[in-house]
Amino acid sequence: MRELGVVLPPVFTPAANYRGCVRDGGLAWVSGHGPVDGETAICGKVGAEVSLERAHRAARMAGLSILATLQAELGDLERIERVVKVFGMVNCAPGFNRPPAVINGCSELLVDLFGGEAGGHARSAVGVAELPFDWAVEIELVARIR
Amino acid sequence: MRELGVVLPPVFTPAANYRGCVRDGGLAWVSGHGPVDGETAICGKVGAEVSLERAHRAARMAGLSILATLQAELGDLERIERVVKVFGMVNCAPGFNRPPAVINGCSELLVDLFGGEAGGHARSAVGVAELPFDWAVEIELVARIR
Amino acid sequence: MRELGVVLPPVFTPAANYRGCVRDGGLAWVSGHGPVDGETAICGKVGAEVSLERAHRAARMAGLSILATLQAELGDLERIERVVKVFGMVNCAPGFNRPPAVINGCSELLVDLFGGEAGGHARSAVGVAELPFDWAVEIELVARIR
């Protein structure tokens with residue numbers, strides 16, 4: 001991570017009666033995370049207030065927030081055997097039909113960090129109507145833990 | 001459940017070629033359930049026709065409908081070892097960006113019933129464009145069964 | 001498949017850093033697939049440019065594209081022990097609240113091919129704001145492999 005210049009943000013604390021991550025039977029199910037780094041967040045409709053480039057950065061930020069949660073849960077990201085599934089949701093302005101180009105910001109981070117084999121995941125990338133706190137993206141993930 | 005005044009609604013029967021719940025390898029995968037109690041349902045756009053308070057109640061109703069399906073499938077809700085994952089979808093009016101406050105209605109029910117450990121789940125709560133029958137919310141769930 | 005007149009399309013190649021399918025612990029997690037058959041795709045808003053009938057066909061096409069990916073991954077679709085979960089997303093025009101009637105096109109294909117027991121799956125069918133390439137539907141799936 002140091003080589004790639006990756007710095008994890010503070011762990012995002014769920015504001016309600018749920019967990020940031022649940023481990024079950026060797027899988028870690030990570031809750032939906034937004035593009036949040038401490039007091040900073042990227043909010044707004046992608047394709048209108050938020051450009052594709054900025055949304056791509058938001059997806060990377062959401063990925064980093066997921067990794068911060070996993071780091072806190074597992075103690076060490078080396079314990080991630082592989083990323084199994086990513087579900088990426090984009091807060092789309094009407095007519096913006098490029099959710100995959102946005103969610104690539106997270107997918108590229110995962111493949112850079114874990115490599116093509118352990119980091120290569122199944123994925124859907126879709127446009128939703130609204131997201132919590134008007135986040136530009138929200139991403140959830142399932143990973144195999146060793 | 002009696003202590004908490006929880007009464008399960010009739011089991012919601014899927015209207016098509018799918019199941020309300022599939023058990024596989026110790027997990028129960030529960031299909032998307034709406035806020036339906038027999039002939040009654042809460043429908044409409046949250047933030048417009050449906051208030052936050054009413055939508056919160058709808059999320060609780062969807063949770064109860066999920067539990068009715070699990071009760072029918074398992075014979076006994078005591079067989080739920082833990083709730084692993086909740087995916088909550090809110091039928092949002094444009095600009096309503098508080099899906100988490102809505103889906104809390106379901107999360108609070110689960111934690112009240114199963115406790116913070118077994119009931120504490122990973123979650124995403126998002127706003128979708130349209131839901132079946134114009135339901136105000138739809139919720140799906142994955143649980144570990146003993 | 002021959003009896004049912006089912007012909008698989010070419011495998012859809014993900015355009016980015018993710019996989020069409022990841023196998024983990026006996027499950028195959030299949031990425032979101034659209035209604036694509038080689039150069040042909042069904043695109044547009046369901047309930048506006050795309051009729052319910054055509055959208056139903058699109059859901060079947062997305063199901064076939066999923067099966068093509070599984071065939072390439074597994075070598076033989078007989079290795080599918082059961083379909084566990086389907087998540088169906090419809091590119092809805094405002095006010096079109098019949099996602100289940102659309103996604104039935106995929107569910108019916110699965111039950112026809114694998115039978116009511118192995119093909120019967122948990123499901124959610126919802127309307128999203130936007131889909132990649134303006135696809136009319138996108139479907140992802142989890143299956144148990146033997």
# chains A, B, ... in the order shown; residues from 1 in each chain; ligands from 1
>>> select_by_dssp(residues="segment 83-131 of chain C", states="strand (DSSP E)", output="JSON, numbers by chain")
{"C": [83, 84, 85, 86, 87, 88, 89, 90, 91, 122, 123, 124, 125, 126, 127, 128]}
>>> interface_residues(of="chain A", to="chain B", cutoff="8 Å", atoms="only C-alpha atoms", output="number ranges by chain")
A: 16-24, 29-32, 128-134, 140
>>> residues_around(residues="Arg146 of chain C", least_positions_apart="3", cutoff="8 Å", atoms="only C-alpha atoms", output="compact mmCIF listing (two decimals) with all heavy atoms, in the first residue's frame")
# COMPACT_ATOMS: atom_id res chain seq x y z
N GLY C 26 -17.71 -23.03 -3.63
CA GLY C 26 -18.85 -23.76 -4.16
C GLY C 26 -19.95 -22.90 -4.74
O GLY C 26 -20.93 -23.40 -5.28
N ARG C 79 -23.12 -28.67 -14.35
CA ARG C 79 -22.44 -28.50 -13.04
C ARG C 79 -23.18 -27.52 -12.12
O ARG C 79 -22.82 -27.36 -10.96
CB ARG C 79 -20.99 -28.06 -13.25
CG ARG C 79 -20.18 -29.17 -13.94
CD ARG C 79 -18.72 -28.82 -13.97
NE ARG C 79 -18.22 -28.49 -12.65
CZ ARG C 79 -17.19 -27.68 -12.42
NH1 ARG C 79 -16.55 -27.13 -13.43
NH2 ARG C 79 -16.80 -27.43 -11.20
N ILE C 80 -24.20 -26.85 -12.65
CA ILE C 80 -25.01 -25.97 -11.79
C ILE C 80 -25.95 -26.83 -10.96
O ILE C 80 -26.85 -27.48 -11.49
CB ILE C 80 -25.80 -24.96 -12.63
CG1 ILE C 80 -24.81 -24.04 -13.37
CG2 ILE C 80 -26.76 -24.15 -11.77
CD1 ILE C 80 -25.46 -23.08 -14.34
N GLU C 81 -25.72 -26.84 -9.65
CA GLU C 81 -26.56 -27.65 -8.77
C GLU C 81 -27.89 -26.96 -8.51
O GLU C 81 -28.94 -27.57 -8.54
CB GLU C 81 -25.83 -27.89 -7.44
CG GLU C 81 -26.53 -28.87 -6.53
CD GLU C 81 -25.70 -29.15 -5.29
OE1 GLU C 81 -24.46 -29.35 -5.42
OE2 GLU C 81 -26.27 -29.15 -4.18
>>> residues_around(residues="Ala62 of chain A", least_positions_apart="6", cutoff="7 Å", atoms="only C-alpha atoms", output="JSON, numbers by chain")
{"A": [33, 34, 35, 36, 138, 139]}
>>> atom_distance(atom1="atom CA of Ala59 of chain A", atom2="atom CA of Ile42 of chain A")
9.5 Å
>>> atom_distance(atom1="atom CA of Phe114 of chain C", atom2="atom CA of Pro14 of chain C")
26.0 Å
>>> select_by_dssp(residues="chain C", states="alpha helix (DSSP H)", output="count of residues only")
44
>>> decode(residues="segment 108-129 of chain C", atoms="N, CA, C and O atoms", output="JSON list (two decimals), in the first residue's frame")
[["chain", "number", "residue", "atom", "x", "y", "z"],
["C", 108, "GLU", "N", -38.25, -17.45, -15.77],
["C", 108, "GLU", "CA", -38.91, -18.53, -16.52],
["C", 108, "GLU", "C", -37.88, -19.36, -17.29],
["C", 108, "GLU", "O", -37.98, -20.59, -17.35],
["C", 109, "LEU", "N", -36.89, -18.70, -17.87],
["C", 109, "LEU", "CA", -35.81, -19.41, -18.56],
["C", 109, "LEU", "C", -35.10, -20.37, -17.61],
["C", 109, "LEU", "O", -34.86, -21.54, -17.95],
["C", 110, "LEU", "N", -34.77, -19.88, -16.41],
["C", 110, "LEU", "CA", -34.02, -20.69, -15.45],
["C", 110, "LEU", "C", -34.82, -21.90, -14.99],
["C", 110, "LEU", "O", -34.29, -23.02, -14.87],
["C", 111, "VAL", "N", -36.11, -21.69, -14.74],
["C", 111, "VAL", "CA", -36.96, -22.80, -14.29],
["C", 111, "VAL", "C", -37.21, -23.78, -15.44],
["C", 111, "VAL", "O", -37.21, -25.00, -15.24],
["C", 112, "ASP", "N", -37.37, -23.27, -16.65],
["C", 112, "ASP", "CA", -37.54, -24.16, -17.81],
["C", 112, "ASP", "C", -36.30, -25.05, -17.98],
["C", 112, "ASP", "O", -36.42, -26.24, -18.27],
["C", 113, "LEU", "N", -35.12, -24.45, -17.81],
["C", 113, "LEU", "CA", -33.88, -25.19, -18.08],
["C", 113, "LEU", "C", -33.52, -26.15, -16.96],
["C", 113, "LEU", "O", -33.12, -27.29, -17.22],
["C", 114, "PHE", "N", -33.64, -25.68, -15.72],
["C", 114, "PHE", "CA", -33.11, -26.47, -14.60],
["C", 114, "PHE", "C", -34.22, -27.15, -13.79],
["C", 114, "PHE", "O", -33.92, -27.95, -12.90],
["C", 115, "GLY", "N", -35.47, -26.84, -14.09],
["C", 115, "GLY", "CA", -36.58, -27.41, -13.35],
["C", 115, "GLY", "C", -36.92, -26.58, -12.13],
["C", 115, "GLY", "O", -36.16, -25.71, -11.71],
["C", 116, "GLY", "N", -38.09, -26.86, -11.54],
["C", 116, "GLY", "CA", -38.61, -26.03, -10.46],
["C", 116, "GLY", "C", -37.76, -26.09, -9.21],
["C", 116, "GLY", "O", -37.68, -25.12, -8.45],
["C", 117, "GLU", "N", -37.11, -27.23, -8.97],
["C", 117, "GLU", "CA", -36.32, -27.37, -7.74],
["C", 117, "GLU", "C", -34.95, -26.68, -7.92],
["C", 117, "GLU", "O", -34.64, -25.74, -7.20],
["C", 118, "ALA", "N", -34.16, -27.13, -8.87],
["C", 118, "ALA", "CA", -32.81, -26.56, -9.05],
["C", 118, "ALA", "C", -32.86, -25.15, -9.64],
["C", 118, "ALA", "O", -31.95, -24.35, -9.44],
["C", 119, "GLY", "N", -33.91, -24.86, -10.36],
["C", 119, "GLY", "CA", -34.01, -23.55, -11.00],
["C", 119, "GLY", "C", -34.73, -22.50, -10.17],
["C", 119, "GLY", "O", -34.67, -21.32, -10.46],
["C", 120, "GLY", "N", -35.43, -22.95, -9.10],
["C", 120, "GLY", "CA", -36.21, -22.02, -8.27],
["C", 120, "GLY", "C", -35.30, -21.21, -7.36],
["C", 120, "GLY", "O", -34.58, -21.77, -6.54],
["C", 121, "HIS", "N", -35.33, -19.92, -7.49],
["C", 121, "HIS", "CA", -34.35, -19.03, -6.85],
["C", 121, "HIS", "C", -35.02, -17.96, -6.00],
["C", 121, "HIS", "O", -36.16, -17.59, -6.22],
["C", 122, "ALA", "N", -34.27, -17.44, -5.03],
["C", 122, "ALA", "CA", -34.67, -16.20, -4.36],
["C", 122, "ALA", "C", -34.43, -15.05, -5.34],
["C", 122, "ALA", "O", -33.57, -15.15, -6.21],
["C", 123, "ARG", "N", -35.23, -13.98, -5.21],
["C", 123, "ARG", "CA", -35.15, -12.91, -6.21],
["C", 123, "ARG", "C", -35.59, -11.56, -5.66],
["C", 123, "ARG", "O", -36.49, -11.51, -4.82],
["C", 124, "SER", "N", -34.96, -10.52, -6.15],
["C", 124, "SER", "CA", -35.54, -9.18, -6.05],
["C", 124, "SER", "C", -35.58, -8.62, -7.46],
["C", 124, "SER", "O", -34.68, -8.89, -8.27],
["C", 125, "ALA", "N", -36.62, -7.85, -7.75],
["C", 125, "ALA", "CA", -36.77, -7.23, -9.07],
["C", 125, "ALA", "C", -37.15, -5.78, -8.85],
["C", 125, "ALA", "O", -38.24, -5.50, -8.33],
["C", 126, "VAL", "N", -36.24, -4.88, -9.22],
["C", 126, "VAL", "CA", -36.46, -3.47, -8.87],
["C", 126, "VAL", "C", -36.18, -2.55, -10.06],
["C", 126, "VAL", "O", -35.55, -2.96, -11.04],
["C", 127, "GLY", "N", -36.65, -1.33, -9.95],
["C", 127, "GLY", "CA", -36.42, -0.35, -11.00],
["C", 127, "GLY", "C", -35.31, 0.61, -10.62],
["C", 127, "GLY", "O", -35.37, 1.25, -9.58],
["C", 128, "VAL", "N", -34.28, 0.66, -11.46],
["C", 128, "VAL", "CA", -33.16, 1.57, -11.17],
["C", 128, "VAL", "C", -33.23, 2.79, -12.08],
["C", 128, "VAL", "O", -34.04, 2.85, -13.01],
["C", 129, "ALA", "N", -32.36, 3.78, -11.78],
["C", 129, "ALA", "CA", -32.43, 5.06, -12.50],
["C", 129, "ALA", "C", -31.75, 4.98, -13.87],
["C", 129, "ALA", "O", -32.26, 5.52, -14.85]]
